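Structure file start-v3.txt (compact mmCIF, C-alpha atoms) follows.
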```txt
# COMPACT_ATOMS: atom_id res chain seq x y z
CA ALA K 27 0.00 0.00 0.00
CA SER K 28 1.02 3.61 -0.52
CA LEU K 29 -0.50 6.86 0.74
CA SER K 30 -0.33 10.28 -0.83
CA ILE K 31 -1.31 13.48 0.97
CA ARG K 32 -1.29 15.80 -2.03
CA GLY K 33 -1.43 13.33 -4.91
CA PHE K 34 2.18 13.90 -6.01
CA GLY K 35 3.77 10.80 -4.54
CA GLN K 36 4.42 8.77 -1.42
CA ALA K 37 4.49 10.68 1.85
CA LEU K 38 7.40 10.35 4.27
CA TRP K 39 6.59 7.92 7.08
CA ILE K 40 8.13 8.58 10.50
CA VAL K 41 7.53 5.84 13.07
CA ASP K 42 8.62 6.74 16.61
CA GLY K 43 10.94 9.43 15.27
CA VAL K 44 12.58 7.34 12.53
CA GLU K 45 11.88 7.02 8.80
CA SER K 46 10.32 3.58 8.35
CA ASN K 47 8.26 1.33 6.10
CA PHE K 48 4.68 1.42 7.38
CA ASN K 49 3.62 -1.70 5.47
CA ASN K 50 5.20 -4.04 8.00
CA ILE K 51 3.68 -2.38 11.08
CA ASP K 52 0.99 -4.32 12.90
CA PRO K 53 -1.99 -1.92 13.29
CA ASN K 54 -2.48 -3.14 16.85
CA GLU K 55 0.86 -1.50 17.80
CA ILE K 56 -0.25 1.99 16.77
CA GLU K 57 -1.24 4.59 19.37
CA SER K 58 -1.77 7.60 17.08
CA VAL K 59 -1.30 8.85 13.51
CA SER K 60 -0.91 12.50 12.50
CA ILE K 61 -0.11 14.36 9.28
CA LEU K 62 2.34 17.22 8.74
CA LYS K 63 2.55 19.41 5.66
CA ASP K 64 3.92 22.78 4.59
CA GLY K 65 5.76 24.63 7.39
CA SER K 66 5.07 22.02 10.05
CA ALA K 67 6.93 19.42 7.97
CA SER K 68 9.94 21.65 7.25
CA ILE K 69 11.98 20.05 10.01
CA TYR K 70 12.37 16.98 7.76
CA GLY K 71 13.81 19.03 4.89
CA SER K 72 13.52 17.99 1.25
CA ARG K 73 12.33 14.51 2.27
CA ALA K 74 9.03 16.08 3.34
CA GLY K 75 8.12 17.46 -0.10
CA ASN K 76 5.07 15.16 -0.26
CA GLY K 77 4.16 15.62 3.38
CA VAL K 78 4.92 13.60 6.52
CA ILE K 79 2.85 10.98 8.31
CA LEU K 80 3.84 10.53 11.95
CA VAL K 81 3.07 7.21 13.62
CA THR K 82 3.49 6.71 17.36
CA THR K 83 3.41 3.20 18.78
CA LYS K 84 1.87 2.39 22.13
CA ARG K 85 3.85 2.91 25.31
CA GLY K 86 3.56 1.88 28.94
CA LYS K 87 1.26 3.50 31.48
CA ASP K 88 1.25 4.04 35.24
CA GLN K 89 -1.12 1.16 35.96
CA LYS K 90 -1.27 -2.50 36.86
CA PRO K 91 -0.17 -4.84 34.05
CA ILE K 92 -2.86 -5.38 31.44
CA ILE K 93 -2.46 -8.37 29.13
CA THR K 94 -4.40 -8.24 25.86
CA LEU K 95 -4.90 -11.07 23.36
CA ASN K 96 -6.52 -10.47 19.97
CA SER K 97 -7.17 -13.17 17.38
CA SER K 98 -8.98 -13.04 14.08
CA TYR K 99 -9.71 -15.45 11.26
CA THR K 100 -10.68 -13.93 7.93
CA LEU K 101 -11.85 -15.36 4.63
CA GLN K 102 -10.95 -13.33 1.56
CA GLY K 103 -12.58 -13.74 -1.83
CA ILE K 104 -12.85 -12.03 -5.20
CA THR K 105 -15.94 -9.82 -5.14
CA ALA K 106 -16.15 -8.87 -8.83
CA MET K 107 -14.15 -10.20 -11.76
CA SER K 108 -15.02 -11.08 -15.34
CA GLN K 109 -15.30 -14.81 -15.97
CA PRO K 110 -13.64 -16.59 -18.92
CA VAL K 111 -15.96 -17.95 -21.60
CA ASN K 112 -16.85 -21.64 -21.71
CA SER K 113 -15.86 -23.96 -24.56
CA GLY K 114 -19.09 -23.48 -26.49
CA GLN K 115 -18.83 -19.69 -26.33
CA TYR K 116 -15.16 -19.86 -27.30
CA ALA K 117 -15.95 -21.98 -30.37
CA GLU K 118 -18.74 -19.60 -31.43
CA LEU K 119 -16.45 -16.57 -31.07
CA GLN K 120 -13.72 -18.31 -33.05
CA ASN K 121 -16.20 -19.02 -35.84
CA GLU K 122 -17.23 -15.38 -35.87
CA LYS K 123 -13.60 -14.30 -36.00
CA PHE K 124 -12.81 -16.56 -38.96
CA LEU K 125 -15.97 -15.62 -40.88
CA ASN K 126 -15.25 -11.91 -40.45
CA GLN K 127 -11.85 -12.56 -42.03
CA GLY K 128 -13.41 -14.33 -44.96
CA LEU K 129 -12.18 -17.75 -43.79
CA THR K 130 -13.91 -21.07 -43.18
CA ALA K 131 -15.34 -21.49 -39.68
CA PRO K 132 -13.20 -24.00 -37.73
CA TYR K 133 -16.09 -25.53 -35.71
CA THR K 134 -19.33 -27.18 -36.85
CA ALA K 135 -22.64 -26.72 -35.06
CA ASP K 136 -22.40 -30.29 -33.77
CA GLN K 137 -18.96 -29.68 -32.32
CA ILE K 138 -20.11 -26.47 -30.65
CA GLN K 139 -23.01 -28.32 -29.02
CA LYS K 140 -20.64 -31.01 -27.74
CA TYR K 141 -18.47 -28.31 -26.19
CA TYR K 142 -21.54 -26.87 -24.47
CA ASN K 143 -22.54 -30.31 -23.18
CA GLY K 144 -19.06 -31.05 -21.78
CA THR K 145 -19.77 -34.79 -21.58
CA ASP K 146 -17.59 -35.99 -24.47
CA PRO K 147 -13.91 -36.30 -23.38
CA GLN K 148 -12.94 -35.27 -26.92
CA TYR K 149 -14.71 -31.95 -26.35
CA PRO K 150 -13.85 -30.78 -22.82
CA ASN K 151 -15.29 -27.68 -21.17
CA THR K 152 -12.85 -26.45 -18.51
CA ASN K 153 -13.53 -23.50 -16.25
CA TRP K 154 -9.96 -22.40 -15.47
CA PHE K 155 -11.18 -19.72 -13.08
CA LYS K 156 -12.81 -22.30 -10.81
CA GLU K 157 -10.04 -24.78 -11.48
CA ARG K 158 -7.31 -22.55 -10.03
CA ILE K 159 -8.93 -19.84 -7.88
CA ARG K 160 -10.39 -20.48 -4.44
CA ASP K 161 -13.79 -19.21 -3.43
CA TRP K 162 -12.21 -18.11 -0.16
CA ALA K 163 -8.60 -17.79 0.98
CA PRO K 164 -7.91 -17.86 4.74
CA GLN K 165 -6.03 -15.26 6.74
CA GLN K 166 -5.31 -15.41 10.45
CA GLN K 167 -3.84 -12.83 12.78
CA HIS K 168 -2.93 -13.11 16.45
CA ASN K 169 -1.24 -10.64 18.78
CA LEU K 170 -0.41 -10.56 22.47
CA SER K 171 0.55 -7.41 24.39
CA VAL K 172 1.32 -6.38 27.95
CA ARG K 173 1.11 -2.80 29.18
CA GLY K 174 1.74 -1.30 32.58
CA GLY K 175 4.25 0.35 34.88
CA SER K 176 4.70 2.76 37.74
CA ASP K 177 5.71 6.37 38.23
CA LYS K 178 9.37 5.38 37.78
CA ILE K 179 9.22 2.91 34.92
CA LYS K 180 6.62 2.11 32.27
CA TYR K 181 6.66 -0.74 29.77
CA TYR K 182 4.85 -2.02 26.70
CA GLY K 183 5.55 -5.36 25.03
CA PHE K 184 3.95 -6.72 21.86
CA PHE K 185 4.10 -9.91 19.80
CA GLY K 186 2.10 -10.28 16.59
CA TYR K 187 1.68 -13.01 13.98
CA LEU K 188 0.01 -12.77 10.58
CA ASP K 189 -0.52 -15.52 7.99
CA GLN K 190 -2.21 -14.75 4.67
CA GLN K 191 -2.69 -17.30 1.91
CA THR K 192 -3.28 -16.49 -1.74
CA LEU K 193 -6.37 -17.17 -3.82
CA TRP K 194 -4.53 -19.66 -6.02
CA LYS K 195 -5.27 -23.29 -5.25
CA SER K 196 -2.52 -25.84 -4.56
CA ASN K 197 0.89 -24.26 -3.82
CA GLY K 198 -0.26 -20.77 -4.74
CA GLY K 199 1.84 -19.11 -2.06
CA ASP K 200 1.44 -17.33 1.25
CA TYR K 201 2.74 -14.42 3.32
CA GLY K 202 3.78 -14.59 6.97
CA ARG K 203 4.87 -11.83 9.33
CA TYR K 204 6.12 -11.70 12.93
CA ASN K 205 6.19 -8.43 14.87
CA LEU K 206 8.06 -7.97 18.15
CA GLN K 207 8.07 -4.62 19.99
CA SER K 208 9.36 -3.51 23.39
CA ASN K 209 9.02 0.09 24.61
CA ILE K 210 10.40 1.11 28.02
CA ASP K 211 10.29 4.55 29.67
CA ALA K 212 12.26 5.16 32.87
CA LYS K 213 12.28 8.23 35.11
CA ILE K 214 15.77 8.47 36.62
CA THR K 215 15.26 11.79 38.44
CA ASP K 216 12.69 14.57 38.26
CA ASP K 217 14.79 16.14 35.50
CA LEU K 218 16.24 13.11 33.72
CA SER K 219 14.34 10.39 31.84
CA ILE K 220 15.34 7.75 29.31
CA GLN K 221 13.54 5.72 26.67
CA LEU K 222 14.57 2.40 25.15
CA ASP K 223 12.70 0.88 22.20
CA LEU K 224 13.54 -2.43 20.53
CA SER K 225 11.68 -3.99 17.62
CA SER K 226 11.99 -6.74 15.06
CA VAL K 227 9.85 -7.53 12.01
CA ILE K 228 10.29 -10.84 10.18
CA GLU K 229 8.53 -11.37 6.85
CA ASN K 230 8.36 -14.58 4.81
CA ARG K 231 6.97 -14.71 1.28
CA LYS K 232 6.73 -17.76 -0.97
CA PHE K 233 4.93 -17.45 -4.31
CA PRO K 234 5.17 -18.83 -7.84
CA TRP K 235 8.05 -17.18 -9.67
CA ARG K 236 5.70 -15.69 -12.28
CA THR K 237 4.61 -12.18 -11.29
CA GLN K 238 1.07 -11.57 -10.01
CA SER K 239 1.05 -7.91 -11.04
CA ALA K 240 -1.40 -6.68 -13.66
CA GLY K 241 -0.28 -6.69 -17.27
CA ALA K 242 1.64 -8.90 -19.65
CA ASN K 243 3.70 -11.95 -18.66
CA SER K 244 1.78 -12.42 -15.42
CA LEU K 245 -0.33 -15.13 -13.83
CA TRP K 246 -3.49 -13.17 -14.62
CA GLN K 247 -2.68 -13.09 -18.32
CA ASP K 248 -1.87 -16.81 -18.15
CA LEU K 249 -5.35 -17.38 -16.68
CA TRP K 250 -7.06 -15.67 -19.63
CA ASN K 251 -4.81 -17.42 -22.16
CA SER K 252 -5.67 -20.89 -20.83
CA LEU K 253 -8.36 -22.08 -23.22
CA PRO K 254 -11.49 -23.96 -22.03
CA ILE K 255 -11.32 -26.42 -24.95
CA TYR K 256 -8.45 -28.26 -23.22
CA PRO K 257 -8.81 -30.51 -20.14
CA ALA K 258 -7.36 -29.61 -16.77
CA THR K 259 -6.01 -33.14 -16.25
CA LEU K 260 -5.09 -36.11 -18.41
CA PRO K 261 -5.75 -39.84 -17.83
CA ASP K 262 -2.05 -40.27 -17.14
CA PRO K 263 -1.47 -38.16 -13.98
CA THR K 264 2.27 -37.99 -14.67
CA LYS K 265 1.64 -35.90 -17.79
CA ASN K 266 0.71 -32.19 -17.69
CA SER K 267 -2.20 -31.04 -19.83
CA TYR K 268 -1.60 -28.34 -22.43
CA ALA K 269 -4.08 -25.46 -22.61
CA ASN K 270 -2.28 -22.80 -24.68
CA GLY K 271 -1.49 -20.54 -21.70
CA GLN K 272 0.90 -18.20 -23.57
CA GLY K 273 3.65 -20.82 -23.74
CA VAL K 274 3.47 -21.84 -20.06
CA GLY K 275 1.13 -24.77 -20.68
CA SER K 276 -1.75 -23.61 -18.52
CA ILE K 277 -2.51 -21.48 -15.49
CA LYS K 278 -2.74 -24.67 -13.45
CA LEU K 279 0.92 -25.45 -14.11
CA ILE K 280 2.49 -22.01 -13.85
CA SER K 281 0.61 -20.96 -10.68
CA ASP K 282 1.68 -24.10 -8.77
CA TYR K 283 5.19 -23.47 -7.39
CA GLY K 284 5.58 -27.19 -6.82
CA ILE K 285 5.53 -27.62 -10.61
CA SER K 286 6.95 -24.41 -12.08
CA GLY K 287 9.21 -23.14 -9.30
CA TYR K 288 9.02 -20.40 -6.74
CA ASP K 289 10.18 -17.02 -5.53
CA LEU K 290 11.13 -17.20 -1.84
CA ASN K 291 11.75 -13.89 -0.09
CA ASN K 292 12.72 -13.64 3.58
CA SER K 293 13.48 -10.39 5.36
CA GLN K 294 14.17 -9.16 8.87
CA ASN K 295 14.17 -5.61 10.17
CA LEU K 296 15.91 -4.88 13.48
CA LYS K 297 15.60 -1.51 15.16
CA GLY K 298 16.81 -0.03 18.44
CA THR K 299 16.18 3.50 19.77
CA PHE K 300 17.69 5.19 22.83
CA VAL K 301 16.46 8.61 23.97
CA VAL K 302 17.58 10.83 26.83
CA ASN K 303 15.51 13.86 27.94
CA TYR K 304 16.88 16.40 30.42
CA LYS K 305 15.15 19.47 31.85
CA ILE K 306 17.55 22.39 32.30
CA ARG K 307 16.24 23.88 35.54
CA PRO K 308 18.14 27.22 35.57
CA ILE K 309 16.15 28.27 32.46
CA GLN K 310 12.47 27.58 32.87
CA GLY K 311 10.98 25.80 29.83
CA LEU K 312 14.34 24.70 28.39
CA SER K 313 15.12 21.02 27.82
CA ALA K 314 17.72 18.99 25.95
CA LYS K 315 17.22 15.74 24.09
CA VAL K 316 19.59 13.11 22.72
CA PHE K 317 18.14 10.66 20.20
CA LEU K 318 20.03 7.63 18.86
CA ASN K 319 18.63 5.02 16.48
CA TYR K 320 20.16 2.00 14.80
CA GLU K 321 18.35 0.07 12.08
CA GLN K 322 19.47 -3.03 10.20
CA ASN K 323 17.52 -4.71 7.44
CA TYR K 324 18.32 -8.10 5.89
CA GLN K 325 16.60 -9.39 2.76
CA ASN K 326 17.25 -12.64 0.90
CA ASP K 327 15.52 -13.70 -2.31
CA LYS K 328 15.67 -17.15 -3.92
CA ASN K 329 14.14 -17.52 -7.39
CA PHE K 330 14.09 -21.13 -8.58
CA THR K 331 12.45 -22.06 -11.88
CA LYS K 332 11.74 -25.64 -12.89
CA PRO K 333 11.30 -27.06 -16.41
CA TYR K 334 8.23 -29.12 -17.32
CA ASP K 335 6.58 -30.61 -20.40
CA PHE K 336 2.91 -30.43 -21.40
CA TYR K 337 0.85 -32.70 -23.66
CA THR K 338 -2.30 -32.89 -25.69
CA TYR K 339 -4.44 -36.03 -25.61
CA ASP K 340 -6.62 -37.62 -28.27
CA ALA K 341 -9.44 -39.44 -26.48
CA ALA K 342 -10.38 -41.45 -29.57
CA SER K 343 -6.93 -42.98 -30.15
CA LYS K 344 -5.80 -42.60 -26.53
CA GLN K 345 -2.56 -41.09 -27.78
CA TYR K 346 -0.48 -38.35 -26.17
CA ALA K 347 1.46 -35.73 -28.13
CA LEU K 348 4.13 -33.44 -26.71
CA ALA K 349 2.80 -29.89 -27.20
CA GLY K 350 5.81 -28.08 -25.76
CA SER K 351 7.81 -27.37 -22.64
CA LEU K 352 8.74 -24.47 -20.40
CA GLY K 353 12.52 -24.56 -20.34
CA THR K 354 14.74 -27.62 -20.43
CA GLN K 355 16.74 -27.29 -17.20
CA ALA K 356 16.24 -25.62 -13.84
CA ARG K 357 17.61 -22.15 -13.06
CA LEU K 358 18.43 -20.45 -9.75
CA VAL K 359 19.07 -16.80 -8.92
CA LEU K 360 19.97 -15.69 -5.38
CA GLN K 361 19.88 -12.08 -4.20
CA ASN K 362 21.06 -10.65 -0.90
CA ASN K 363 20.31 -7.08 0.08
CA ASP K 364 21.43 -5.55 3.41
CA TYR K 365 20.67 -2.05 4.64
CA ARG K 366 22.03 -0.24 7.69
CA ASN K 367 21.00 3.18 8.99
CA MET K 368 22.20 5.11 12.03
CA THR K 369 20.50 8.33 13.10
CA GLY K 370 21.66 10.71 15.81
CA GLN K 371 19.91 13.88 16.95
CA LEU K 372 20.82 16.52 19.50
CA SER K 373 18.17 19.13 20.19
CA LEU K 374 17.31 22.01 22.50
CA ASN K 375 13.65 22.81 23.01
CA TYR K 376 12.20 25.90 24.64
CA ASP K 377 8.53 26.14 25.58
CA HIS K 378 7.37 28.91 27.92
CA THR K 379 4.31 31.04 28.55
CA PHE K 380 4.72 34.62 29.74
CA GLY K 381 1.78 35.86 31.70
CA THR K 382 -1.45 34.70 30.13
CA ALA K 383 -1.12 36.00 26.57
CA HIS K 384 2.38 35.26 25.29
CA HIS K 385 3.59 31.80 24.34
CA ILE K 386 7.01 31.14 22.80
CA THR K 387 8.36 27.85 21.49
CA ALA K 388 11.78 27.39 19.93
CA LEU K 389 13.66 24.39 18.60
CA ALA K 390 17.29 23.94 17.62
CA LEU K 391 18.11 20.50 16.23
CA TYR K 392 21.25 18.94 14.79
CA GLU K 393 20.88 15.60 12.99
CA VAL K 394 23.44 13.18 11.61
CA ILE K 395 22.47 10.21 9.43
CA ASP K 396 24.86 7.51 8.27
CA TYR K 397 23.66 4.65 6.08
CA SER K 398 25.05 1.95 3.85
CA THR K 399 23.74 -0.75 1.51
CA ASN K 400 25.19 -3.99 0.16
CA TYR K 401 23.73 -5.97 -2.72
CA ILE K 402 24.89 -9.30 -4.14
CA LEU K 403 23.39 -11.40 -6.94
CA ALA K 404 24.50 -14.88 -7.94
CA GLY K 405 22.93 -17.41 -10.28
CA ARG K 406 23.39 -20.53 -12.38
CA ASP K 407 21.48 -22.24 -15.19
CA ASN K 408 21.41 -25.76 -16.62
CA PHE K 409 20.87 -27.73 -13.42
CA LEU K 410 21.52 -31.45 -13.72
CA THR K 411 18.30 -32.08 -11.81
CA PRO K 412 15.58 -29.78 -10.39
CA ALA K 413 15.53 -31.97 -7.26
CA ILE K 414 18.60 -30.11 -5.91
CA GLU K 415 17.61 -26.49 -5.33
CA GLN K 416 21.08 -25.21 -4.45
CA LEU K 417 23.51 -23.07 -6.41
CA PHE K 418 26.26 -25.69 -6.62
CA ALA K 419 23.97 -27.97 -8.69
CA GLY K 420 23.99 -25.57 -11.63
CA ALA K 421 26.52 -25.52 -14.45
CA VAL K 422 29.67 -23.54 -13.65
CA GLN K 423 29.79 -22.28 -17.23
CA THR K 424 26.49 -20.39 -16.72
CA SER K 425 27.49 -18.69 -13.47
CA GLN K 426 26.56 -15.05 -13.04
CA ALA K 427 27.50 -12.68 -10.25
CA THR K 428 27.17 -8.98 -9.60
CA GLY K 429 26.84 -6.62 -6.68
CA SER K 430 26.83 -3.05 -5.48
CA ALA K 431 27.40 -1.07 -2.31
CA THR K 432 26.76 2.47 -1.08
CA GLU K 433 27.84 4.35 2.01
CA MET K 434 26.72 7.88 2.70
CA GLY K 435 26.31 10.32 5.54
CA ARG K 436 24.24 13.45 5.97
CA ALA K 437 24.18 16.20 8.57
CA SER K 438 21.58 18.93 8.92
CA TYR K 439 20.64 21.72 11.30
CA VAL K 440 17.15 23.05 11.93
CA GLY K 441 16.11 26.10 13.88
CA ARG K 442 12.54 27.25 14.47
CA ILE K 443 10.79 29.86 16.65
CA ASN K 444 7.03 30.24 17.11
CA TYR K 445 5.35 33.11 18.94
CA SER K 446 1.71 33.45 19.81
```

Take the structure in this file and express it as structure tokens.
Amino acid sequence: ASLSIRGFGQALWIVDGVESNFNNIDPNEIESVSILKDGSASIYGSRAGNGVILVTTKRGKDQKPIITLNSSYTLQGITAMSQPVNSGQYAELQNEKFLNQGLTAPYTADQIQKYYNGTDPQYPNTNWFKERIRDWAPQQQHNLSVRGGSDKIKYYGFFGYLDQQTLWKSNGGDYGRYNLQSNIDAKITDDLSIQLDLSSVIENRKFPWRTQSAGANSLWQDLWNSLPIYPATLPDPTKNSYANGQGVGSIKLISDYGISGYDLNNSQNLKGTFVVNYKIRPIQGLSAKVFLNYEQNYQNDKNFTKPYDFYTYDAASKQYALAGSLGTQARLVLQNNDYRNMTGQLSLNYDHTFGTAHHITALALYEVIDYSTNYILAGRDNFLTPAIEQLFAGAVQTSQATGSATEMGRASYVGRINYS
């Protein structure tokens, strides 16, 4: 998901003071959401050109411990989508196409009727939509939190789990996420307080290697290109049925990662934040703040494609014919992407009311950001057997490798005074 405040692009997301990806946040962790734009977002510099969305996660309270458990089970289904034509309709449309081109119609009236009946194995009528798409796909979410504390120390702990399966039947893929959050606030003295936040988000994705995005060369196009005049299965279960399918055989084959291969993506985000707040008593309304954050993100992607053959079958002669294949040997591509970000802030804040009519706030902030990335790609083709899904099983002659790295730092200073 993406959110735009003005319609010009993605807004900057700040979660507990740090730029973050909001898509992996469990909604049950969120305490409040607010939006900044124009002058109020200027503290974030050029990054805030499309506005800023501030997210604050829940924190401890001065109360007895409260343990909360939430669980949900959801069924997701397609609400509105055009359905493919049946075999009889397909044959009639093909006849119309040929006649409009001045050609002989390929199907007779008797053949069209047999396609409509769907009882003759020589004239199948396959509904590929129902064959491969579930009526309902399950999703479950569970989270457990504890919240409490005293005047001196407050704490909030959270653990969340999400599992979402796709609408494709039989090895269509799923998404899993684990969220772990710990927020601690401690009052050392009346003037000094500290804050320690630790979090980890683990995401696991396993889907067919063919993209599910809209457009060409996707599973959705493969669905529409799988023709109803071909059967979904053949009498010999060891042979895959051909159904046109834009060269992939059929949607049944390409959308099953047990047959065609998979894209496995695992990631982990680790984050730690340490904050010190100190009230400077000699000057009423003046306080100092030190903010330190360390973030590390690991992402690994394994794309393994398998070859397979597909056949046509003549029910009258009970003969199989090889219609084609998707590749001849397995292929593997591995990608590793690491990201590290360190943010440090030192700020002075002044907030004071003079009398009953004059209120002054001022902020002076110095920020330093240091980040680096590392990317590595390795792959091999021509596997001796698709049963071994490891890089060493591919041919050395087809090896590929590349990589990149960046390391940058940025420092900025912000000053602001408001009077009312």

> What does the distance from atom CA of K:Lys297 to atom CA of K:Glu57 come to in Å, to one decimal?
Replying inline: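 Those two atoms sit 18.4 Å apart.
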
Could you build a table of the residues in stretch 60-179 of chain K lying no more than 12 Å from stretch 221-240 of chain K, giving for each the nearest pair of atoms and their separation in Å rounded to one decimal place, using all atoms listed in the file, ordered by chain and ascending residue number, as JSON lines?
```
{"residue": "K:Thr82", "atom": "CA", "partner": "K:Asp223", "partner_atom": "CA", "distance": 11.9}
{"residue": "K:Thr83", "atom": "CA", "partner": "K:Asp223", "partner_atom": "CA", "distance": 10.2}
{"residue": "K:Lys84", "atom": "CA", "partner": "K:Asp223", "partner_atom": "CA", "distance": 10.9}
{"residue": "K:Arg85", "atom": "CA", "partner": "K:Asp223", "partner_atom": "CA", "distance": 9.6}
{"residue": "K:Gly86", "atom": "CA", "partner": "K:Gln221", "partner_atom": "CA", "distance": 10.9}
{"residue": "K:Lys178", "atom": "CA", "partner": "K:Gln221", "partner_atom": "CA", "distance": 11.9}
{"residue": "K:Ile179", "atom": "CA", "partner": "K:Gln221", "partner_atom": "CA", "distance": 9.7}
```

> In Å, with one decimal, what is the gap from atom CA of K:Gly353 to atom CA of K:Val274?
Replying inline: 9.5 Å

> Which one of K:Gly241, K:Gly350, K:Pro53, K:Pro110 sits closest to K:Asn151 if you count only C-alpha atoms?
Replying inline: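 Distance minimum relative to K:Asn151 lands on K:Pro110.
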
Taking only C-alpha atoms into account, produce a table as CSV in which each residue of stretch 189-289 of chain K with an atom at most 10 Å from an atom of stretch 325-344 of chain K appears once, together with its shortest atom pair and the distance in Å to one decimal, ordered by chain and rising number.
```
residue,atom,partner,partner_atom,distance
K:Ile228,CA,K:Gln325,CA,9.8
K:Glu229,CA,K:Gln325,CA,9.3
K:Asn230,CA,K:Asn326,CA,9.9
K:Arg231,CA,K:Asp327,CA,9.3
K:Lys232,CA,K:Lys328,CA,9.4
K:Phe233,CA,K:Asn329,CA,9.7
K:Pro234,CA,K:Thr331,CA,8.9
K:Trp235,CA,K:Asn329,CA,6.5
K:Arg236,CA,K:Thr331,CA,9.3
K:Tyr256,CA,K:Thr338,CA,8.1
K:Pro257,CA,K:Thr338,CA,8.9
K:Thr259,CA,K:Tyr339,CA,9.9
K:Leu260,CA,K:Tyr339,CA,7.2
K:Pro261,CA,K:Tyr339,CA,8.8
K:Asp262,CA,K:Tyr339,CA,9.8
K:Lys265,CA,K:Phe336,CA,6.7
K:Asn266,CA,K:Phe336,CA,4.7
K:Ser267,CA,K:Tyr337,CA,5.2
K:Tyr268,CA,K:Phe336,CA,5.1
K:Ala269,CA,K:Thr338,CA,8.2
K:Asn270,CA,K:Phe336,CA,9.8
K:Gly273,CA,K:Phe336,CA,9.9
K:Val274,CA,K:Phe336,CA,8.7
K:Gly275,CA,K:Phe336,CA,6.0
K:Ser276,CA,K:Phe336,CA,8.7
K:Leu279,CA,K:Tyr334,CA,8.8
K:Ile280,CA,K:Tyr334,CA,9.8
K:Tyr283,CA,K:Thr331,CA,8.7
K:Gly284,CA,K:Lys332,CA,8.8
K:Ile285,CA,K:Lys332,CA,6.9
K:Ser286,CA,K:Lys332,CA,5.0
K:Gly287,CA,K:Thr331,CA,4.3
K:Tyr288,CA,K:Phe330,CA,5.4
K:Asp289,CA,K:Asn329,CA,4.4
```

> Distance atom CA of K:Ser98-atom CA of K:Gln191, one decimal place?
Replying inline: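 Separating atom CA of K:Ser98 from atom CA of K:Gln191 is a distance of 14.3 Å.
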
>> At a cut-off of 9 Å, using only C-alpha atoms, what residues contact stretch 398-402 of chain K? Leave out same-chain residues fewer than 6 positions from it and give the result as a list in words.
In response: Leu360, Gln361, Asn362, Asn363, Asp364, Tyr365, Arg366, Asn367, Ala427, Thr428, Gly429, Ser430, Ala431, Thr432, Glu433, Met434 and Gly435 of chain K

> Could you name the residues that touch stretch 380-388 of chain K at 10 Å or less, counting only C-alpha atoms, but leaving out those on the same chain fewer than 3 positions away, as a PyMOL selection string?
Replying inline: chain K and resi 311-312+374-377+441-446

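Minimum atom-to-atom distances from K:Ala258, K:Leu129, K:Leu245, K:Leu119 to K:Lys156 were compared using all atoms listed in the file, and the lowest value belongs to K:Ala258.
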
>> Just checking: using all atoms listed in the file, which residue out of K:Pro308, K:Pro150, K:Gly175, K:Gly77 ends up closest to K:Trp39?
In response: K:Gly77

>> Using all atoms listed in the file for the distances, tell me which of K:Thr152, K:Thr134, K:Asn319, K:Asn54 is nearest to K:Leu188.
In response: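 Smallest distance to K:Leu188 is found for K:Asn54.
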
> Neighbours of K:Tyr142 within 12 Å (all atoms listed in the file; same-chain residues fewer than 5 positions away dropped), as a PyMOL selection string?
Replying inline: chain K and resi 111-118+135-137+149-153+254-255

>> Set the distance at 12 Å and use all atoms listed in the file: which residues neighbour stretch 67-72 of chain K once local chain neighbours fewer than 5 positions away are removed? I'd like the list as a ChimeraX atom specification.
In response: /K:37-40,43-45,60-62,77-80,373,389-393,436-443

>> Using all atoms listed in the file for the distances, tell me which of K:Ser281, K:Ser108, K:Thr379, K:Ser58 is nearest to K:Gly198.
In response: K:Ser281

>> Ranking K:Thr130, K:Gln247, K:Ser30, K:Ser171 by minimum distance to K:Phe155 and counting only C-alpha atoms, which one comes first?
In response: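 For K:Phe155, the nearest of the given residues is K:Gln247.
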
>> as a list in words, please: the residues near K:Thr411 (cut-off 8 Å, only C-alpha atoms, same-chain neighbours under 2 positions excluded).
In response: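 The neighbour list is Gln355, Ala356, Phe409, Ala413, Ile414 and Ala419 of chain K.
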